[in-house]
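Structure data follow from coords-v3.cif (mmCIF, C-alpha atoms):
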data_coords
#
loop_
_atom_site.group_PDB
_atom_site.id
_atom_site.type_symbol
_atom_site.label_atom_id
_atom_site.label_comp_id
_atom_site.auth_asym_id
_atom_site.auth_seq_id
_atom_site.Cartn_x
_atom_site.Cartn_y
_atom_site.Cartn_z
ATOM 1 C CA ASP T 80 -149.918 -27.849 -169.009
ATOM 2 C CA ASP T 81 -149.658 -24.198 -167.928
ATOM 3 C CA PRO T 82 -145.911 -23.452 -167.486
ATOM 4 C CA SER T 83 -146.605 -20.758 -164.898
ATOM 5 C CA LEU T 84 -148.707 -23.163 -162.821
ATOM 6 C CA GLU T 85 -145.976 -25.813 -163.008
ATOM 7 C CA SER T 86 -143.397 -23.243 -161.908
ATOM 8 C CA THR T 87 -145.587 -22.150 -159.009
ATOM 9 C CA LEU T 88 -146.048 -25.746 -157.824
ATOM 10 C CA GLU T 89 -142.310 -26.388 -158.046
ATOM 11 C CA ASP T 90 -141.687 -23.258 -155.985
ATOM 12 C CA TYR T 91 -144.189 -24.353 -153.335
ATOM 13 C CA PHE T 92 -142.733 -27.847 -153.092
ATOM 14 C CA ALA T 93 -139.202 -26.440 -152.957
ATOM 15 C CA ARG T 94 -140.270 -24.383 -149.957
ATOM 16 C CA LEU T 95 -141.839 -27.484 -148.441
ATOM 17 C CA ASP T 96 -138.616 -29.424 -148.881
ATOM 18 C CA ASP T 97 -136.707 -26.597 -147.190
ATOM 19 C CA THR T 98 -139.190 -26.621 -144.316
ATOM 20 C CA ILE T 99 -138.865 -30.381 -143.935
ATOM 21 C CA ASP T 100 -135.075 -30.089 -143.869
ATOM 22 C CA TRP T 101 -135.313 -27.327 -141.248
ATOM 23 C CA PHE T 102 -137.684 -29.445 -139.169
ATOM 24 C CA ASP T 103 -135.469 -32.533 -139.433
ATOM 25 C CA GLU T 104 -132.437 -30.509 -138.376
ATOM 26 C CA HIS T 105 -134.192 -29.141 -135.287
ATOM 27 C CA VAL T 106 -135.541 -32.561 -134.348
ATOM 28 C CA GLY T 107 -131.978 -33.866 -134.523
ATOM 29 C CA ILE T 108 -130.680 -31.046 -132.309
ATOM 30 C CA LEU T 109 -133.389 -31.739 -129.736
ATOM 31 C CA ALA T 110 -132.693 -35.476 -129.793
ATOM 32 C CA MET T 111 -128.983 -34.831 -129.172
ATOM 33 C CA ASN T 112 -129.735 -32.565 -126.210
ATOM 34 C CA LEU T 113 -132.691 -34.231 -124.489
ATOM 35 C CA ILE T 114 -130.800 -34.972 -121.284
ATOM 36 C CA ASN T 115 -129.671 -31.358 -120.989
ATOM 37 C CA LEU T 116 -133.259 -30.231 -121.531
ATOM 38 C CA VAL T 117 -134.432 -32.530 -118.727
ATOM 39 C CA VAL T 118 -131.657 -31.416 -116.371
ATOM 40 C CA ASN T 119 -132.594 -27.777 -117.054
ATOM 41 C CA ASP T 120 -136.322 -28.477 -116.417
ATOM 42 C CA ASN T 121 -137.368 -27.736 -119.992
ATOM 43 C CA ASN T 122 -140.013 -30.452 -119.692
ATOM 44 C CA GLY T 123 -142.531 -28.874 -122.042
ATOM 45 C CA LEU T 124 -140.153 -29.064 -124.977
ATOM 46 C CA VAL T 125 -139.287 -32.662 -124.125
ATOM 47 C CA VAL T 126 -142.967 -33.614 -124.051
ATOM 48 C CA ARG T 127 -143.628 -31.929 -127.406
ATOM 49 C CA PHE T 128 -140.657 -33.776 -128.852
ATOM 50 C CA ALA T 129 -142.053 -37.075 -127.550
ATOM 51 C CA VAL T 130 -145.486 -36.297 -129.020
ATOM 52 C CA VAL T 131 -143.936 -35.714 -132.458
ATOM 53 C CA MET T 132 -141.886 -38.909 -132.201
ATOM 54 C CA GLU T 133 -144.911 -40.967 -131.166
ATOM 55 C CA ALA T 134 -147.091 -39.532 -133.963
ATOM 56 C CA GLU T 135 -144.394 -40.207 -136.553
ATOM 57 C CA GLU T 136 -143.887 -43.705 -135.159
ATOM 58 C CA ARG T 137 -147.587 -44.506 -135.553
ATOM 59 C CA SER T 138 -147.581 -43.047 -139.076
ATOM 60 C CA ASP T 139 -144.560 -45.149 -140.025
ATOM 61 C CA GLN T 140 -146.238 -48.265 -138.668
ATOM 62 C CA ARG T 141 -149.372 -47.632 -140.738
ATOM 63 C CA VAL T 142 -147.411 -46.966 -143.936
ATOM 64 C CA ALA T 143 -145.185 -50.008 -143.368
ATOM 65 C CA ALA T 144 -148.212 -52.224 -142.754
ATOM 66 C CA LEU T 145 -149.897 -50.934 -145.934
ATOM 67 C CA GLN T 146 -146.761 -51.433 -147.998
ATOM 68 C CA GLU T 147 -146.437 -54.981 -146.684
ATOM 69 C CA ALA T 148 -150.086 -55.715 -147.484
ATOM 70 C CA LEU T 149 -149.755 -54.399 -151.040
ATOM 71 C CA LYS T 150 -146.358 -55.932 -151.720
ATOM 72 C CA ASP T 151 -147.777 -59.062 -153.365
ATOM 73 C CA HIS T 152 -150.633 -57.300 -155.158
ATOM 74 C CA GLU T 153 -149.103 -55.144 -157.880
ATOM 75 C CA GLU T 154 -152.398 -54.070 -159.434
ATOM 76 C CA MET T 155 -153.733 -52.946 -156.090
ATOM 77 C CA ALA T 156 -150.436 -51.252 -155.263
ATOM 78 C CA VAL T 157 -150.610 -49.181 -158.460
ATOM 79 C CA ARG T 158 -154.188 -48.188 -157.660
ATOM 80 C CA PHE T 159 -153.218 -46.962 -154.213
ATOM 81 C CA GLN T 160 -149.855 -45.508 -155.257
ATOM 82 C CA SER T 161 -150.762 -42.114 -153.844
ATOM 83 C CA ILE T 162 -151.195 -43.629 -150.386
ATOM 84 C CA THR T 163 -147.718 -45.085 -150.152
ATOM 85 C CA ASP T 164 -145.743 -42.330 -151.907
ATOM 86 C CA GLY T 165 -144.830 -38.743 -151.089
ATOM 87 C CA ALA T 166 -145.635 -37.595 -147.582
ATOM 88 C CA LYS T 167 -146.761 -41.112 -146.675
ATOM 89 C CA LYS T 168 -143.326 -42.659 -146.967
ATOM 90 C CA VAL T 169 -141.747 -44.067 -143.835
ATOM 91 C CA ARG T 170 -139.782 -41.191 -142.298
ATOM 92 C CA GLY T 171 -137.993 -43.116 -139.566
ATOM 93 C CA TYR T 172 -137.911 -40.420 -136.903
ATOM 94 C CA LYS T 173 -137.861 -43.001 -134.108
ATOM 95 C CA ASP T 174 -134.782 -44.671 -135.592
ATOM 96 C CA LYS T 175 -133.130 -41.280 -135.992
ATOM 97 C CA PHE T 176 -133.905 -40.619 -132.332
ATOM 98 C CA MET T 177 -132.087 -43.809 -131.345
ATOM 99 C CA GLN T 178 -129.136 -42.832 -133.538
ATOM 100 C CA ALA T 179 -129.018 -39.417 -131.878
ATOM 101 C CA ILE T 180 -128.833 -41.013 -128.410
ATOM 102 C CA LYS T 181 -125.870 -43.085 -129.556
ATOM 103 C CA LEU T 182 -124.123 -40.197 -131.327
ATOM 104 C CA SER T 183 -124.445 -37.898 -128.313
ATOM 105 C CA ALA T 184 -122.971 -40.530 -125.991
ATOM 106 C CA GLU T 185 -120.180 -41.371 -128.466
ATOM 107 C CA GLN T 186 -119.034 -37.762 -128.387
ATOM 108 C CA GLN T 187 -118.745 -37.924 -124.609
ATOM 109 C CA PHE T 188 -116.866 -41.229 -124.797
ATOM 110 C CA ASP T 189 -114.386 -39.653 -127.233
ATOM 111 C CA GLN T 190 -113.650 -36.973 -124.653
ATOM 112 C CA ALA T 191 -113.475 -39.583 -121.880
ATOM 113 C CA ARG T 192 -110.864 -41.531 -123.855
ATOM 114 C CA GLU T 193 -108.578 -38.510 -124.068
ATOM 115 C CA GLU T 194 -108.950 -37.825 -120.345
ATOM 116 C CA PHE T 195 -108.328 -41.480 -119.474
ATOM 117 C CA LEU T 196 -105.186 -41.596 -121.611
ATOM 118 C CA ASP T 197 -103.940 -38.513 -119.748
ATOM 119 C CA ASP T 198 -104.599 -40.022 -116.303
ATOM 120 C CA ALA T 199 -105.114 -43.769 -115.908
ATOM 121 C CA THR T 200 -106.118 -43.450 -112.245
ATOM 122 C CA GLN T 201 -109.269 -41.392 -112.836
ATOM 123 C CA LEU T 202 -111.543 -43.756 -114.771
ATOM 124 C CA GLU T 203 -114.347 -43.727 -112.211
ATOM 125 C CA LYS T 204 -114.279 -39.942 -111.967
ATOM 126 C CA ILE T 205 -114.077 -39.534 -115.734
ATOM 127 C CA MET T 206 -117.203 -41.686 -116.151
ATOM 128 C CA LYS T 207 -119.313 -39.685 -113.702
ATOM 129 C CA TRP T 208 -121.236 -38.157 -116.613
ATOM 130 C CA TYR T 209 -122.322 -41.628 -117.725
ATOM 131 C CA PHE T 210 -124.214 -42.462 -114.541
ATOM 132 C CA ASN T 211 -125.515 -38.895 -114.206
ATOM 133 C CA ASP T 212 -127.034 -39.165 -117.691
ATOM 134 C CA LEU T 213 -128.785 -42.438 -116.920
ATOM 135 C CA ASN T 214 -130.051 -41.092 -113.606
ATOM 136 C CA ALA T 215 -131.445 -38.002 -115.354
ATOM 137 C CA VAL T 216 -133.227 -40.233 -117.865
ATOM 138 C CA LYS T 217 -134.645 -42.470 -115.146
ATOM 139 C CA ILE T 218 -135.814 -39.685 -112.837
ATOM 140 C CA GLY T 219 -136.572 -36.824 -115.190
ATOM 141 C CA MET T 220 -137.243 -38.184 -118.661
ATOM 142 C CA THR T 221 -139.230 -41.362 -117.960
ATOM 143 C CA PRO T 222 -142.405 -39.523 -116.827
ATOM 144 C CA LEU T 223 -142.326 -37.412 -120.012
ATOM 145 C CA MET T 224 -142.123 -40.269 -122.514
ATOM 146 C CA PRO T 225 -144.602 -42.979 -123.609
ATOM 147 C CA LYS T 226 -144.343 -45.942 -121.226
ATOM 148 C CA LYS T 227 -144.119 -48.420 -124.082
ATOM 149 C CA TRP T 228 -140.787 -46.890 -125.082
ATOM 150 C CA ARG T 229 -139.196 -47.955 -121.772
ATOM 151 C CA ILE T 230 -136.932 -44.981 -122.306
ATOM 152 C CA ALA T 231 -134.665 -45.635 -119.295
ATOM 153 C CA LYS T 232 -133.966 -49.171 -120.493
ATOM 154 C CA THR T 233 -133.487 -47.886 -124.039
ATOM 155 C CA TYR T 234 -130.836 -45.423 -122.916
ATOM 156 C CA ALA T 235 -129.215 -48.025 -120.644
ATOM 157 C CA ASN T 236 -128.885 -50.513 -123.505
ATOM 158 C CA VAL T 237 -127.312 -47.951 -125.826
ATOM 159 C CA TYR T 238 -124.988 -46.596 -123.145
ATOM 160 C CA HIS T 239 -123.965 -50.047 -121.911
ATOM 161 C CA GLN T 240 -122.958 -51.208 -125.384
ATOM 162 C CA LEU T 241 -120.875 -48.071 -125.815
ATOM 163 C CA MET T 242 -119.259 -48.582 -122.397
ATOM 164 C CA HIS T 243 -118.361 -52.128 -123.422
ATOM 165 C CA ASP T 244 -116.889 -50.919 -126.716
ATOM 166 C CA PHE T 245 -114.965 -48.176 -124.913
ATOM 167 C CA LEU T 246 -113.403 -50.426 -122.251
ATOM 168 C CA VAL T 247 -112.550 -53.291 -124.599
ATOM 169 C CA GLY T 248 -111.204 -50.769 -127.084
ATOM 170 C CA MET T 249 -108.981 -49.229 -124.403
ATOM 171 C CA VAL T 250 -107.581 -52.640 -123.469
ATOM 172 C CA ASP T 251 -106.492 -53.125 -127.085
ATOM 173 C CA ASP T 252 -105.569 -49.478 -127.682
ATOM 174 C CA PRO T 253 -101.884 -49.138 -128.641
ATOM 175 C CA GLN T 254 -101.834 -45.770 -126.875
ATOM 176 C CA GLY T 255 -102.926 -47.403 -123.622
ATOM 177 C CA SER T 256 -100.597 -48.810 -120.990
ATOM 178 C CA SER T 257 -100.577 -51.520 -118.347
ATOM 179 C CA ALA T 258 -101.804 -48.884 -115.888
ATOM 180 C CA HIS T 259 -104.924 -48.339 -118.017
ATOM 181 C CA THR T 260 -105.517 -52.082 -118.230
ATOM 182 C CA LEU T 261 -105.161 -52.508 -114.466
ATOM 183 C CA GLU T 262 -107.695 -49.738 -113.876
ATOM 184 C CA ILE T 263 -110.113 -51.344 -116.322
ATOM 185 C CA VAL T 264 -109.791 -54.748 -114.609
ATOM 186 C CA SER T 265 -111.066 -53.260 -111.343
ATOM 187 C CA PHE T 266 -113.830 -51.214 -112.978
ATOM 188 C CA PRO T 267 -116.589 -53.797 -113.719
ATOM 189 C CA GLU T 268 -117.413 -54.425 -110.051
ATOM 190 C CA LYS T 269 -117.858 -50.690 -109.425
ATOM 191 C CA TYR T 270 -119.747 -50.316 -112.693
ATOM 192 C CA TYR T 271 -122.342 -52.992 -111.988
ATOM 193 C CA LYS T 272 -122.903 -51.724 -108.448
ATOM 194 C CA LYS T 273 -123.681 -48.256 -109.790
ATOM 195 C CA MET T 274 -125.925 -49.679 -112.503
ATOM 196 C CA ALA T 275 -127.801 -51.756 -109.918
ATOM 197 C CA LYS T 276 -128.476 -48.609 -107.899
ATOM 198 C CA LEU T 277 -130.009 -47.125 -111.032
ATOM 199 C CA GLY T 278 -132.244 -50.185 -111.388
ATOM 200 C CA PHE T 279 -130.326 -52.059 -114.098
ATOM 201 C CA ARG T 280 -129.324 -55.579 -113.079
ATOM 202 C CA GLN T 281 -126.120 -57.102 -114.373
ATOM 203 C CA GLU T 282 -127.927 -60.066 -115.913
ATOM 204 C CA ASP T 283 -130.060 -57.666 -117.961
ATOM 205 C CA LEU T 284 -127.055 -55.877 -119.444
ATOM 206 C CA ALA T 285 -125.393 -57.662 -122.346
ATOM 207 C CA PRO T 286 -122.648 -58.227 -123.260
ATOM 208 C CA HIS T 287 -120.476 -58.299 -120.143
ATOM 209 C CA VAL T 288 -118.851 -54.896 -119.942
ATOM 210 C CA ILE T 289 -115.331 -56.278 -120.614
ATOM 211 C CA ASP T 290 -116.333 -59.700 -121.983
ATOM 212 C CA ASN T 291 -115.405 -61.440 -118.694
ATOM 213 C CA ARG T 292 -111.741 -60.902 -119.466
ATOM 214 C CA GLU T 293 -110.669 -60.045 -115.908
ATOM 215 C CA ALA T 294 -108.741 -63.288 -115.319
ATOM 216 C CA GLU T 295 -107.036 -63.038 -118.704
ATOM 217 C CA LEU T 296 -106.018 -59.432 -118.144
ATOM 218 C CA VAL T 297 -104.727 -60.123 -114.631
ATOM 219 C CA ARG T 298 -102.699 -63.035 -115.980
ATOM 220 C CA ASP T 299 -101.248 -60.862 -118.730
ATOM 221 C CA PHE T 300 -100.454 -58.140 -116.222
ATOM 222 C CA ARG T 301 -98.699 -60.623 -113.928
ATOM 223 C CA GLN T 302 -96.642 -61.925 -116.856
ATOM 224 C CA LEU T 303 -95.670 -58.354 -117.692
ATOM 225 C CA ILE T 304 -94.468 -57.785 -114.131
ATOM 226 C CA ILE T 305 -92.473 -61.025 -114.234
ATOM 227 C CA LYS T 306 -90.938 -59.981 -117.558
ATOM 228 C CA PHE T 307 -89.800 -56.655 -116.128
ATOM 229 C CA LEU T 308 -88.562 -58.402 -113.003
ATOM 230 C CA ASP T 309 -86.515 -60.822 -115.086
ATOM 231 C CA GLU T 310 -84.983 -57.940 -117.007
ATOM 232 C CA TRP T 311 -84.180 -56.113 -113.762
ATOM 233 C CA ILE T 312 -82.503 -59.190 -112.262
ATOM 234 C CA ASP T 313 -80.519 -59.748 -115.444
ATOM 235 C CA ARG T 314 -79.175 -56.213 -115.273
ATOM 236 C CA ILE T 315 -78.234 -56.607 -111.606
ATOM 237 C CA PHE T 316 -76.586 -59.956 -112.249
ATOM 238 C CA ASP T 317 -74.487 -58.521 -115.067
ATOM 239 C CA GLN T 318 -73.401 -55.696 -112.794
ATOM 240 C CA GLU T 319 -72.679 -58.119 -109.937
ATOM 241 C CA LYS T 320 -70.432 -60.218 -112.159
ATOM 242 C CA LYS T 321 -68.568 -57.106 -113.237
ATOM 243 C CA ASP T 322 -68.196 -55.975 -109.625
ATOM 244 C CA PHE T 323 -66.883 -59.371 -108.630
ATOM 245 C CA ALA T 324 -64.348 -59.318 -111.461
ATOM 246 C CA ASP T 325 -63.237 -55.861 -110.292
ATOM 247 C CA ARG T 326 -63.241 -56.770 -106.576
ATOM 248 C CA ASN T 327 -59.625 -55.698 -106.097
ATOM 249 C CA VAL T 328 -60.313 -52.284 -107.602
ATOM 250 C CA GLU T 329 -60.929 -49.498 -105.155
ATOM 251 C CA GLY T 330 -64.590 -48.513 -104.924
ATOM 252 C CA SER T 331 -65.996 -51.884 -106.033
ATOM 253 C CA ASN T 332 -69.559 -52.809 -105.153
ATOM 254 C CA LEU T 333 -68.575 -55.693 -102.820
ATOM 255 C CA ASP T 334 -68.733 -56.012 -99.053
ATOM 256 C CA GLN T 335 -66.947 -58.419 -96.753
ATOM 257 C CA ASP T 336 -68.531 -60.193 -93.823
ATOM 258 C CA GLU T 337 -66.860 -60.862 -90.484
ATOM 259 C CA TYR T 338 -65.234 -63.971 -91.933
ATOM 260 C CA GLY T 339 -63.660 -62.117 -94.800
ATOM 261 C CA TYR T 340 -65.983 -63.506 -97.468
ATOM 262 C CA PHE T 341 -67.080 -61.248 -100.299
ATOM 263 C CA HIS T 342 -70.762 -60.701 -101.007
ATOM 264 C CA THR T 343 -72.612 -58.288 -103.232
ATOM 265 C CA LYS T 344 -74.554 -55.399 -101.795
ATOM 266 C CA ASN T 345 -77.624 -56.451 -103.791
ATOM 267 C CA LEU T 346 -77.662 -60.012 -102.474
ATOM 268 C CA VAL T 347 -80.484 -59.491 -99.972
ATOM 269 C CA ALA T 348 -82.624 -57.646 -102.522
ATOM 270 C CA LEU T 349 -82.045 -60.377 -105.090
ATOM 271 C CA TRP T 350 -83.053 -63.123 -102.688
ATOM 272 C CA ARG T 351 -86.220 -61.226 -101.794
ATOM 273 C CA MET T 352 -87.176 -60.680 -105.431
ATOM 274 C CA LEU T 353 -86.415 -64.272 -106.358
ATOM 275 C CA ARG T 354 -88.548 -65.562 -103.517
ATOM 276 C CA GLU T 355 -91.450 -63.460 -104.778
ATOM 277 C CA GLN T 356 -90.911 -64.902 -108.251
ATOM 278 C CA VAL T 357 -91.042 -68.426 -106.879
ATOM 279 C CA GLU T 358 -94.293 -67.607 -105.108
ATOM 280 C CA ALA T 359 -95.640 -66.282 -108.426
ATOM 281 C CA GLY T 360 -94.681 -69.544 -110.105
ATOM 282 C CA ALA T 361 -91.901 -68.173 -112.271
ATOM 283 C CA GLY T 362 -88.761 -68.263 -110.164
ATOM 284 C CA SER T 363 -87.370 -71.748 -110.707
ATOM 285 C CA LYS T 364 -85.331 -70.694 -113.727
ATOM 286 C CA ARG T 365 -83.517 -68.114 -111.597
ATOM 287 C CA THR T 366 -81.705 -70.553 -109.283
ATOM 288 C CA ASP T 367 -78.687 -70.221 -111.561
ATOM 289 C CA VAL T 368 -78.571 -66.519 -110.811
ATOM 290 C CA VAL T 369 -78.588 -67.067 -107.057
ATOM 291 C CA GLU T 370 -75.952 -69.739 -107.241
ATOM 292 C CA GLY T 371 -73.811 -67.524 -109.431
ATOM 293 C CA VAL T 372 -74.089 -64.599 -107.037
ATOM 294 C CA VAL T 373 -73.370 -66.752 -103.971
ATOM 295 C CA ASP T 374 -70.359 -68.374 -105.576
#
What does this structure look like when you write it as structure tokens?
Amino acid sequence: DDPSLESTLEDYFARLDDTIDWFDEHVGILAMNLINLVVNDNNGLVVRFAVVMEAEERSDQRVAALQEALKDHEEMAVRFQSITDGAKKVRGYKDKFMQAIKLSAEQQFDQAREEFLDDATQLEKIMKWYFNDLNAVKIGMTPLMPKKWRIAKTYANVYHQLMHDFLVGMVDDPQGSSAHTLEIVSFPEKYYKKMAKLGFRQEDLAPHVIDNREAELVRDFRQLIIKFLDEWIDRIFDQEKKDFADRNVEGSNLDQDEYGYFHTKNLVALWRMLREQVEAGAGSKRTDVVEGVVD
């Protein structure tokens, strides 16, 4: 019960806690920057990181197995309390590693979203980093990690889920536009071709990158075009009626053919647009417009 001894032990353990916090922080920084380390040929540091992760993973497995074995034997658990407490608690470095992979990619997706909102035509270019990352993992990181981790597949699964969340999120994003949606509709084919070149088959990547919503999105986009077309025709028709009412006023928007009949200058354009509507399956309701213009 020596107070000085107790104080000394507390001081030592406080230093140990600080060291553990420092170590955890540096492990997190390394986990967030593994791809950059591989790209910059810092393979030794990557290997040492993997060795630490593997050792901690084995330790966690042993502790978890012991805790499971003692769970239903309270007397035995009390006897071996020192084994399952303190430094022998599950530390979860492998799970933290997985979280770091996701967090690092999420930060890049946040930047990609801003760039995509600025320019809807550059999605493929904006996502170049995505495929470069996976290629770096496949070529450079795989030989440095335990085979059982299947590190390339691990990264691909995390990245693919984030790509899915990004694309589907952009479709429903109120800041997005029809131009963004149209770009996204054409992206899956390019995406899966690039993934296949990296060795990841479409059937092994779940869920579908935009939930197989291509047909739905194309249909919505077509309906949007038809809506705008209807509004455009309505505006022209209103103007045509006004021009016809003012046909005796100088400068009216009416022409006369060789027989002396009046016709609007927009007649040909209207017929062309209406024909395209009919071909799209939405032009039947516009026959009244044509008849009105012709009359």
- Task: Quote the spacing between CA of Ile315 in chain T and CA of Tyr340 in chain T in Å to one decimal place.
- Result: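 For CA of Ile315 in chain T relative to CA of Tyr340 in chain T, the distance reads 19.9 Å.
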- Query: Written as an NGL selection string, what is the full residue list that the PyMOL selection byres ((chain T and resi 214) around 10) yields on the file shown?
  - Reply: :T and (114 or 208-213 or 215-220 or 231 or 235 or 274 or 276-278)
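Once the PyMOL selection byres ((chain T and resi 258) around 12) is applied to this file, the selection holds Phe195, Leu196, Asp197, Asp198, Ala199, Thr200, Gln201, Leu202, Met249, Val250, Gln254, Gly255, Ser256, Ser257, His259, Thr260, Leu261, Glu262, Ile263, Val264, Ser265, Leu296, Val297, Phe300, Leu303 and Ile304 of chain T.
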- Item | Hits of the PyMOL selection byres ((chain T and resi 118-128) around 12) in this structure, as a ChimeraX atom specification | /T:102-103,105-117,129-135,172-173,176,211-225
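For the pair CA of His243 in chain T and CA of Ile289 in chain T, the interatomic distance is 5.9 Å.
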- Of the candidates T:Lys320, T:Lys232, T:Arg141, T:Lys204, which shows the shortest atom-to-atom distance to Phe279 in chain T, using only C-alpha atoms?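 Ranking T:Lys320, T:Lys232, T:Arg141, T:Lys204 by distance to Phe279 in chain T, first place goes to T:Lys232.
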- In Å, how far is it from CA of Phe188 in chain T to CA of Asp283 in chain T? 22.2 Å
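Each of T:Glu136, T:Asp189, T:Asp174, T:Glu337 was compared to Gly248 in chain T using all atoms listed in the file, and T:Asp189 turns out to be the nearest.
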Using only the atoms of range 233-242 of chain T listed in the file, plus 8 Å on each side, state the axis-aligned box centre and edge lengths in Å rounded to one decimal, as JSON.
{"center_x": -126.4, "center_y": -48.3, "center_z": -123.2, "size_x": 30.2, "size_y": 21.8, "size_z": 21.2}
- Using all atoms listed in the file, the shortest atom-to-atom distance to Glu268 in chain T among T:Asp252, T:Val288, T:Lys168, T:Asp313 belongs to T:Val288
Expected file for range 206-212 of chain T keeping all heavy atoms, as an mmCIF file, in the first residue's frame:
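result13.cif was written with the following content:
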data_model
loop_
_atom_site.group_PDB
_atom_site.id
_atom_site.type_symbol
_atom_site.label_atom_id
_atom_site.label_comp_id
_atom_site.auth_asym_id
_atom_site.auth_seq_id
_atom_site.Cartn_x
_atom_site.Cartn_y
_atom_site.Cartn_z
ATOM 1 N N MET T 206 -13.294 9.986 -62.422
ATOM 2 C CA MET T 206 -13.132 8.725 -61.702
ATOM 3 C C MET T 206 -11.839 7.983 -62.050
ATOM 4 O O MET T 206 -11.685 6.808 -61.684
ATOM 5 C CB MET T 206 -14.327 7.817 -61.997
ATOM 6 C CG MET T 206 -15.592 8.250 -61.280
ATOM 7 S SD MET T 206 -15.328 8.268 -59.493
ATOM 8 C CE MET T 206 -16.792 9.154 -58.963
ATOM 9 N N LYS T 207 -10.931 8.647 -62.705
ATOM 10 C CA LYS T 207 -9.662 7.996 -63.074
ATOM 11 C C LYS T 207 -8.914 7.503 -61.840
ATOM 12 O O LYS T 207 -8.295 6.433 -61.844
ATOM 13 C CB LYS T 207 -8.806 8.978 -63.871
ATOM 14 C CG LYS T 207 -7.552 8.361 -64.473
ATOM 15 C CD LYS T 207 -6.812 9.373 -65.342
ATOM 16 C CE LYS T 207 -5.553 8.746 -65.928
ATOM 17 N NZ LYS T 207 -4.811 9.717 -66.778
ATOM 18 N N TRP T 208 -8.977 8.275 -60.759
ATOM 19 C CA TRP T 208 -8.283 7.901 -59.525
ATOM 20 C C TRP T 208 -8.761 6.546 -59.000
ATOM 21 O O TRP T 208 -7.979 5.783 -58.410
ATOM 22 C CB TRP T 208 -8.505 8.963 -58.435
ATOM 23 C CG TRP T 208 -9.933 9.063 -57.978
ATOM 24 C CD1 TRP T 208 -10.895 9.887 -58.471
ATOM 25 C CD2 TRP T 208 -10.577 8.281 -56.960
ATOM 26 N NE1 TRP T 208 -12.095 9.693 -57.831
ATOM 27 C CE2 TRP T 208 -11.929 8.712 -56.897
ATOM 28 C CE3 TRP T 208 -10.152 7.267 -56.117
ATOM 29 C CZ2 TRP T 208 -12.842 8.156 -56.009
ATOM 30 C CZ3 TRP T 208 -11.070 6.710 -55.225
ATOM 31 C CH2 TRP T 208 -12.391 7.156 -55.179
ATOM 32 N N TYR T 209 -10.042 6.282 -59.191
ATOM 33 C CA TYR T 209 -10.666 5.064 -58.669
ATOM 34 C C TYR T 209 -9.982 3.823 -59.249
ATOM 35 O O TYR T 209 -9.572 2.906 -58.506
ATOM 36 C CB TYR T 209 -12.151 5.104 -59.034
ATOM 37 C CG TYR T 209 -12.975 3.909 -58.609
ATOM 38 C CD1 TYR T 209 -13.722 3.942 -57.441
ATOM 39 C CD2 TYR T 209 -13.045 2.762 -59.395
ATOM 40 C CE1 TYR T 209 -14.510 2.866 -57.064
ATOM 41 C CE2 TYR T 209 -13.838 1.685 -59.026
ATOM 42 C CZ TYR T 209 -14.554 1.735 -57.875
ATOM 43 O OH TYR T 209 -15.338 0.659 -57.506
ATOM 44 N N PHE T 210 -9.864 3.783 -60.558
ATOM 45 C CA PHE T 210 -9.270 2.625 -61.222
ATOM 46 C C PHE T 210 -7.750 2.594 -61.016
ATOM 47 O O PHE T 210 -7.168 1.509 -60.932
ATOM 48 C CB PHE T 210 -9.622 2.649 -62.711
ATOM 49 C CG PHE T 210 -11.107 2.671 -62.960
ATOM 50 C CD1 PHE T 210 -11.752 3.844 -63.328
ATOM 51 C CD2 PHE T 210 -11.875 1.531 -62.789
ATOM 52 C CE1 PHE T 210 -13.126 3.876 -63.531
ATOM 53 C CE2 PHE T 210 -13.251 1.554 -62.994
ATOM 54 C CZ PHE T 210 -13.869 2.723 -63.366
ATOM 55 N N ASN T 211 -7.127 3.758 -60.914
ATOM 56 C CA ASN T 211 -5.698 3.804 -60.613
ATOM 57 C C ASN T 211 -5.412 3.213 -59.236
ATOM 58 O O ASN T 211 -4.414 2.489 -59.044
ATOM 59 C CB ASN T 211 -5.185 5.241 -60.684
ATOM 60 C CG ASN T 211 -5.072 5.755 -62.104
ATOM 61 O OD1 ASN T 211 -5.086 4.968 -63.055
ATOM 62 N ND2 ASN T 211 -4.963 7.055 -62.272
ATOM 63 N N ASP T 212 -6.264 3.533 -58.265
ATOM 64 C CA ASP T 212 -6.099 2.981 -56.913
ATOM 65 C C ASP T 212 -6.170 1.460 -56.932
ATOM 66 O O ASP T 212 -5.311 0.769 -56.354
ATOM 67 C CB ASP T 212 -7.186 3.526 -55.985
ATOM 68 C CG ASP T 212 -6.815 4.870 -55.382
ATOM 69 O OD1 ASP T 212 -5.828 5.470 -55.838
ATOM 70 O OD2 ASP T 212 -7.513 5.320 -54.454
#
